[in-house]
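Participant: Got a file for you: entry.tsv, TSV, C-alpha atoms and all ligand atoms.
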```
chain	number	residue	atom	x	y	z
A	12	MET	CA	0.00	0.00	0.00
A	13	ASN	CA	1.51	3.37	-0.98
A	14	SER	CA	1.31	6.45	1.21
A	15	THR	CA	-1.64	8.01	-0.67
A	16	GLU	CA	-3.76	4.86	-0.88
A	17	CYS	CA	-7.00	4.83	1.18
A	18	LYS	CA	-6.52	2.87	4.42
A	19	ARG	CA	-10.31	2.58	4.88
A	20	CYS	CA	-10.16	4.10	8.35
A	21	GLY	CA	-13.61	5.62	7.74
A	22	THR	CA	-12.70	9.08	9.03
A	23	CYS	CA	-14.01	10.83	5.89
A	24	CYS	CA	-17.29	8.88	5.90
A	25	LYS	CA	-17.79	9.73	9.59
A	26	LYS	CA	-17.58	13.47	8.93
A	27	GLY	CA	-20.87	13.43	7.03
A	28	GLY	CA	-22.13	12.30	3.66
A	29	PRO	CA	-20.98	13.95	0.44
A	30	SER	CA	-22.71	16.78	-1.43
A	31	PHE	CA	-24.09	15.74	-4.80
A	32	HIS	CA	-22.96	17.33	-8.06
A	33	ILE	CA	-24.61	17.47	-11.48
A	34	GLU	CA	-22.39	14.53	-12.47
A	35	ASP	CA	-24.14	12.43	-9.78
A	36	ARG	CA	-27.65	13.06	-11.08
A	37	ALA	CA	-28.11	9.58	-12.57
A	38	LEU	CA	-27.32	7.95	-9.22
A	39	ILE	CA	-30.58	9.38	-7.88
A	40	GLU	CA	-32.67	9.42	-11.05
A	41	ASP	CA	-31.86	5.83	-11.97
A	42	GLY	CA	-32.36	4.69	-8.37
A	43	TYR	CA	-28.82	3.44	-7.70
A	44	ILE	CA	-29.09	5.29	-4.40
A	45	PRO	CA	-32.78	5.54	-3.38
A	46	ALA	CA	-34.11	9.10	-2.92
A	47	LYS	CA	-35.26	8.41	0.64
A	48	TYR	CA	-31.61	8.42	1.77
A	49	PHE	CA	-31.10	12.06	0.80
A	50	TYR	CA	-31.84	15.37	2.38
A	51	THR	CA	-31.62	18.94	1.13
A	52	ILE	CA	-29.81	21.82	2.73
A	53	ARG	CA	-31.89	24.73	1.41
A	54	GLU	CA	-30.58	28.04	0.11
A	55	GLY	CA	-29.63	30.34	2.98
A	56	GLU	CA	-29.44	27.50	5.54
A	57	PRO	CA	-26.46	27.64	7.92
A	58	VAL	CA	-23.97	24.89	7.16
A	59	ARG	CA	-20.45	24.01	8.25
A	60	ASP	CA	-17.86	24.40	5.49
A	61	ASN	CA	-15.81	21.18	5.69
A	62	ILE	CA	-12.71	22.89	4.30
A	63	THR	CA	-12.66	26.15	6.30
A	64	GLU	CA	-14.59	24.59	9.24
A	65	ARG	CA	-16.63	27.81	9.46
A	66	VAL	CA	-20.40	28.24	9.39
A	67	VAL	CA	-21.56	29.64	6.05
A	68	TYR	CA	-24.99	30.09	4.47
A	69	ALA	CA	-25.78	27.70	1.62
A	70	PRO	CA	-25.70	29.63	-1.68
A	71	SER	CA	-28.15	27.17	-3.28
A	72	ASP	CA	-29.59	23.73	-2.60
A	73	ILE	CA	-27.06	21.20	-1.38
A	74	ILE	CA	-28.24	17.61	-1.66
A	75	LYS	CA	-26.57	15.20	0.73
A	76	ILE	CA	-26.78	11.62	1.95
A	77	LYS	CA	-28.46	11.35	5.36
A	78	GLY	CA	-26.45	10.48	8.43
A	79	GLN	CA	-26.90	7.43	10.63
A	80	LYS	CA	-29.19	7.57	13.66
A	81	THR	CA	-26.78	9.56	15.78
A	82	GLY	CA	-23.97	11.79	14.60
A	83	TRP	CA	-22.77	12.66	11.12
A	84	THR	CA	-21.55	9.28	9.84
A	85	CYS	CA	-22.78	8.71	6.28
A	86	PHE	CA	-25.77	6.36	6.20
A	87	PHE	CA	-23.91	3.99	3.87
A	88	TYR	CA	-20.77	3.59	5.93
A	89	ASP	CA	-20.59	0.10	7.41
A	90	GLU	CA	-18.58	0.47	10.62
A	91	THR	CA	-18.22	-3.28	11.21
A	92	GLU	CA	-16.90	-4.09	7.77
A	93	LYS	CA	-15.20	-0.70	7.37
A	94	ARG	CA	-16.67	-0.34	3.91
A	95	CYS	CA	-19.04	1.74	1.80
A	96	ALA	CA	-22.30	-0.07	1.10
A	97	VAL	CA	-22.72	1.78	-2.23
A	98	TYR	CA	-19.06	1.79	-3.22
A	99	GLU	CA	-19.77	0.94	-6.86
A	100	TYR	CA	-22.14	3.93	-7.05
A	101	ARG	CA	-20.36	6.32	-4.71
A	102	PRO	CA	-20.71	9.95	-5.80
A	103	LEU	CA	-18.08	12.25	-7.26
A	104	GLU	CA	-16.82	13.73	-3.97
A	105	CYS	CA	-16.20	10.26	-2.53
A	106	LYS	CA	-14.28	9.24	-5.63
A	107	LEU	CA	-12.12	12.37	-5.52
A	108	LEU	CA	-11.48	12.60	-1.80
A	109	ASN	CA	-7.96	11.80	-0.72
A	110	CYS	CA	-7.50	12.82	2.92
A	111	ARG	CA	-3.73	13.22	2.48
A	112	ASP	CA	-4.10	15.55	-0.47
A	113	THR	CA	-7.37	17.48	-0.57
A	114	SER	CA	-6.34	19.65	-3.54
A	115	VAL	CA	-8.37	17.60	-6.04
A	116	ILE	CA	-11.64	17.68	-4.09
A	117	GLU	CA	-11.15	21.36	-3.29
A	118	ARG	CA	-11.30	22.09	-7.02
A	119	VAL	CA	-14.88	20.75	-7.27
A	120	PHE	CA	-16.10	21.63	-3.78
A	121	GLY	CA	-19.27	23.77	-3.94
A	122	LYS	CA	-19.26	23.83	-7.77
A	123	ASN	CA	-21.88	22.39	-10.14
A	124	LEU	CA	-23.99	21.28	-7.22
A	125	LEU	CA	-27.10	19.26	-7.95
A	126	THR	CA	-30.31	21.00	-6.89
A	127	ARG	CA	-33.89	19.83	-6.41
A	128	LYS	CA	-34.84	21.58	-9.65
A	129	GLU	CA	-32.69	19.19	-11.72
A	130	ILE	CA	-34.32	16.18	-10.08
A	131	MET	CA	-37.90	17.32	-9.57
A	132	GLY	CA	-38.38	20.46	-11.71
A	133	SER	CA	-40.51	18.55	-14.22
A	134	VAL	CA	-42.80	16.89	-11.68
A	135	GLY	CA	-45.93	19.03	-12.10
A	136	GLY	CA	-47.76	19.93	-8.88
A	137	LEU	CA	-44.97	18.74	-6.64
A	138	TRP	CA	-42.41	21.19	-7.99
A	139	GLU	CA	-44.80	24.15	-7.59
A	140	LEU	CA	-45.36	23.11	-3.99
A	141	ILE	CA	-41.60	22.96	-3.35
A	142	VAL	CA	-41.16	26.48	-4.81
A	143	GLU	CA	-44.08	27.83	-2.76
A	144	HIS	CA	-42.63	26.22	0.38
A	145	ASP	CA	-39.21	27.75	-0.36
A	146	ASN	CA	-40.75	31.20	-0.75
A	147	ARG	CA	-42.78	31.00	2.43
A	148	CYS	CA	-40.03	29.39	4.50
A	149	SER	CA	-37.10	31.37	3.11
A	150	TYR	CA	-33.97	31.14	5.27
A	151	ARG	CA	-32.73	34.39	3.73
A	152	GLU	CA	-35.84	36.13	5.11
A	153	ILE	CA	-35.43	34.48	8.49
A	154	LYS	CA	-31.80	35.65	8.64
A	155	LYS	CA	-32.82	39.18	7.70
A	156	LEU	CA	-35.35	39.20	10.53
A	157	ALA	CA	-32.90	37.70	13.02
A	158	ASP	CA	-30.18	40.21	12.07
A	159	GLU	CA	-32.39	43.27	12.49
A	160	PRO	CA	-30.87	45.26	15.34
A	161	GLY	CA	-32.95	45.23	18.45
A	162	ASN	CA	-35.66	43.25	16.74
A	163	THR	CA	-34.99	39.78	18.09
A	164	LYS	CA	-37.16	40.26	21.11
A	165	LYS	CA	-40.01	41.94	19.29
A	166	ARG	CA	-43.29	40.13	19.23
A	167	GLY	CA	-43.55	40.42	15.41
A	168	LEU	CA	-40.43	38.35	14.90
A	169	TYR	CA	-41.63	35.52	17.12
A	170	GLN	CA	-44.98	35.59	15.38
A	171	LYS	CA	-43.45	35.46	11.89
A	172	VAL	CA	-41.14	32.57	12.78
A	173	ALA	CA	-44.00	30.70	14.47
A	174	GLU	CA	-46.06	31.10	11.28
A	175	ILE	CA	-43.21	29.75	9.14
A	176	ILE	CA	-42.72	26.74	11.42
A	177	GLU	CA	-46.44	26.01	11.38
A	178	TYR	CA	-46.69	26.28	7.58
A	179	ASP	CA	-43.64	24.01	7.15
A	180	LYS	CA	-45.18	21.41	9.46
A	181	THR	CA	-48.56	21.57	7.73
A	182	VAL	CA	-47.10	21.10	4.24
A	183	ARG	CA	-45.18	18.01	5.39
A	184	GLU	CA	-48.27	16.48	6.98
A	185	LEU	CA	-50.42	17.20	3.92
A	186	VAL	CA	-48.11	15.63	1.33
A	187	VAL	CA	-47.90	12.48	3.43
A	188	GLU	CA	-51.61	12.26	4.27
A	189	LYS	CA	-53.23	13.52	1.07
A	190	GLY	CA	-50.41	13.09	-1.45
A	191	ARG	CA	-49.43	9.65	-0.09
A	192	ILE	CA	-45.78	10.53	-0.32
A	193	ASP	CA	-43.34	8.44	1.73
A	194	SER	CA	-42.43	10.47	4.84
A	195	ASP	CA	-38.79	9.44	4.34
A	196	LEU	CA	-38.75	11.72	1.27
A	197	LEU	CA	-39.74	14.88	3.16
A	198	ASP	CA	-36.21	15.99	4.01
A	199	LEU	CA	-35.25	15.81	0.33
A	200	LEU	CA	-38.41	17.58	-0.88
A	201	PHE	CA	-38.56	20.38	1.73
A	202	GLY	CA	-35.24	20.23	3.57
A	203	ARG	CA	-35.10	19.38	7.24
A	204	PRO	CA	-37.95	20.80	9.36
A	205	VAL	CA	-37.56	24.55	9.94
A	206	SER	CA	-38.13	23.91	13.65
A	207	SER	CA	-34.89	21.90	13.76
A	208	ILE	CA	-32.81	24.59	12.02
A	209	ILE	CA	-34.14	27.81	13.50
A	210	ASN	CA	-31.85	27.81	16.55
A	211	HIS	CA	-28.83	28.04	14.26
A	212	PHE	CA	-29.81	31.59	13.33
A	213	THR	CA	-30.17	32.92	16.82
A	214	GLU	CA	-30.47	31.45	20.27
A	215	THR	CA	-33.49	33.69	20.78
A	216	PHE	CA	-35.90	31.15	19.27
A	301	LIG	S1	-21.12	7.20	0.04
A	301	LIG	FE1	-19.68	5.64	0.72
A	301	LIG	S2	-17.63	6.52	0.41
A	301	LIG	FE2	-19.13	8.20	0.35
A	301	LIG	S3	-19.21	9.02	2.47
A	301	LIG	FE3	-20.84	7.47	2.25
A	301	LIG	S4	-19.92	5.54	2.97
A	301	LIG	FE4	-18.22	6.98	2.55
```
Please go through the file and, once you have read it, give me the structure as structure tokens.

Facilitator:
Amino acid sequence: MNSTECKRCGTCCKKGGPSFHIEDRALIEDGYIPAKYFYTIREGEPVRDNITERVVYAPSDIIKIKGQKTGWTCFFYDETEKRCAVYEYRPLECKLLNCRDTSVIERVFGKNLLTRKEIMGSVGGLWELIVEHDNRCSYREIKKLADEPGNTKKRGLYQKVAEIIEYDKTVRELVVEKGRIDSDLLDLLFGRPVSSIINHFTETF
């Protein structure tokens, strides 16, 4: 084994699943990795930049593989066997990542990211609902409200955020109950529940 060869220690896979790029589109569309194992980080959502280790706000959708029950370990990492359960179909970032020389992955990091529009933009009805949900639950708007000086304690802010959380919850319930959509797909369709993200903007909520 040479010094740059992967030793399968699993450290990379335990830091969280990869972000999907346009080149990975077929992996989802053709079902090599089932859609229920993905989630979306929505535009404006706070996210940790794995290279700078700082919190940044997502510039667009970032589609990722879900973690295991606790922690960030990629859902497909098999700790016992120390192997990737979808190795043959692993996405671009996993193919390019070399922990001893990150220069290659850094060249693609954050570029040509796959978004929900590429996967679901042509699904009439559902896509319109996703766009409507994005508009009404915009993280950019939430950040603007949270950043307003002296406003964080104002009643209006609490009310607005409460409305957004309620709308987000209602949409999720409706698509499962009336649309008969698998609840495991919700985090891909609408991102993670707003109620689970809101504290990242300000501790006030
Ligand atoms: S898809 Fe496979 S190689 Fe990529 S992070 Fe998950 S377990 Fe690791």

Participant: Please identify all protein, DNA and RNA residues within 7 Å of ligand LIG 301 (chain A), counting all atoms listed in the file, and report them as JSON, numbers by chain.

Facilitator: {"A": [23, 24, 27, 28, 29, 85, 86, 87, 88, 94, 95, 96, 97, 98, 101, 102, 105]}

Participant: Which residue out of A:Asn210, A:Leu199, A:Glu143, A:Ser194 has the minimum interatomic distance to A:Val172 when only C-alpha atoms are used?

Facilitator: A:Asn210

Participant: Between atom CA of A:Val58 and atom CA of A:Pro70, measure the distance and give it in Å to one decimal.

Facilitator: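 Atom-to-atom, atom CA of A:Val58 and atom CA of A:Pro70 are spaced 10.2 Å apart.
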
Participant: When distances are computed from only C-alpha atoms, which of A:Ile76, A:Gly161, A:Thr126, A:Tyr100 shows the smallest separation from A:Tyr43?

Facilitator: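 Smallest distance to A:Tyr43 is found for A:Tyr100.
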
Participant: Counting all atoms listed in the file, which of A:Tyr68, A:Phe201, A:Phe212, A:Trp138 gets nearest to A:Glu56?

Facilitator: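 Among the listed residues, A:Tyr68 lies closest to A:Glu56.
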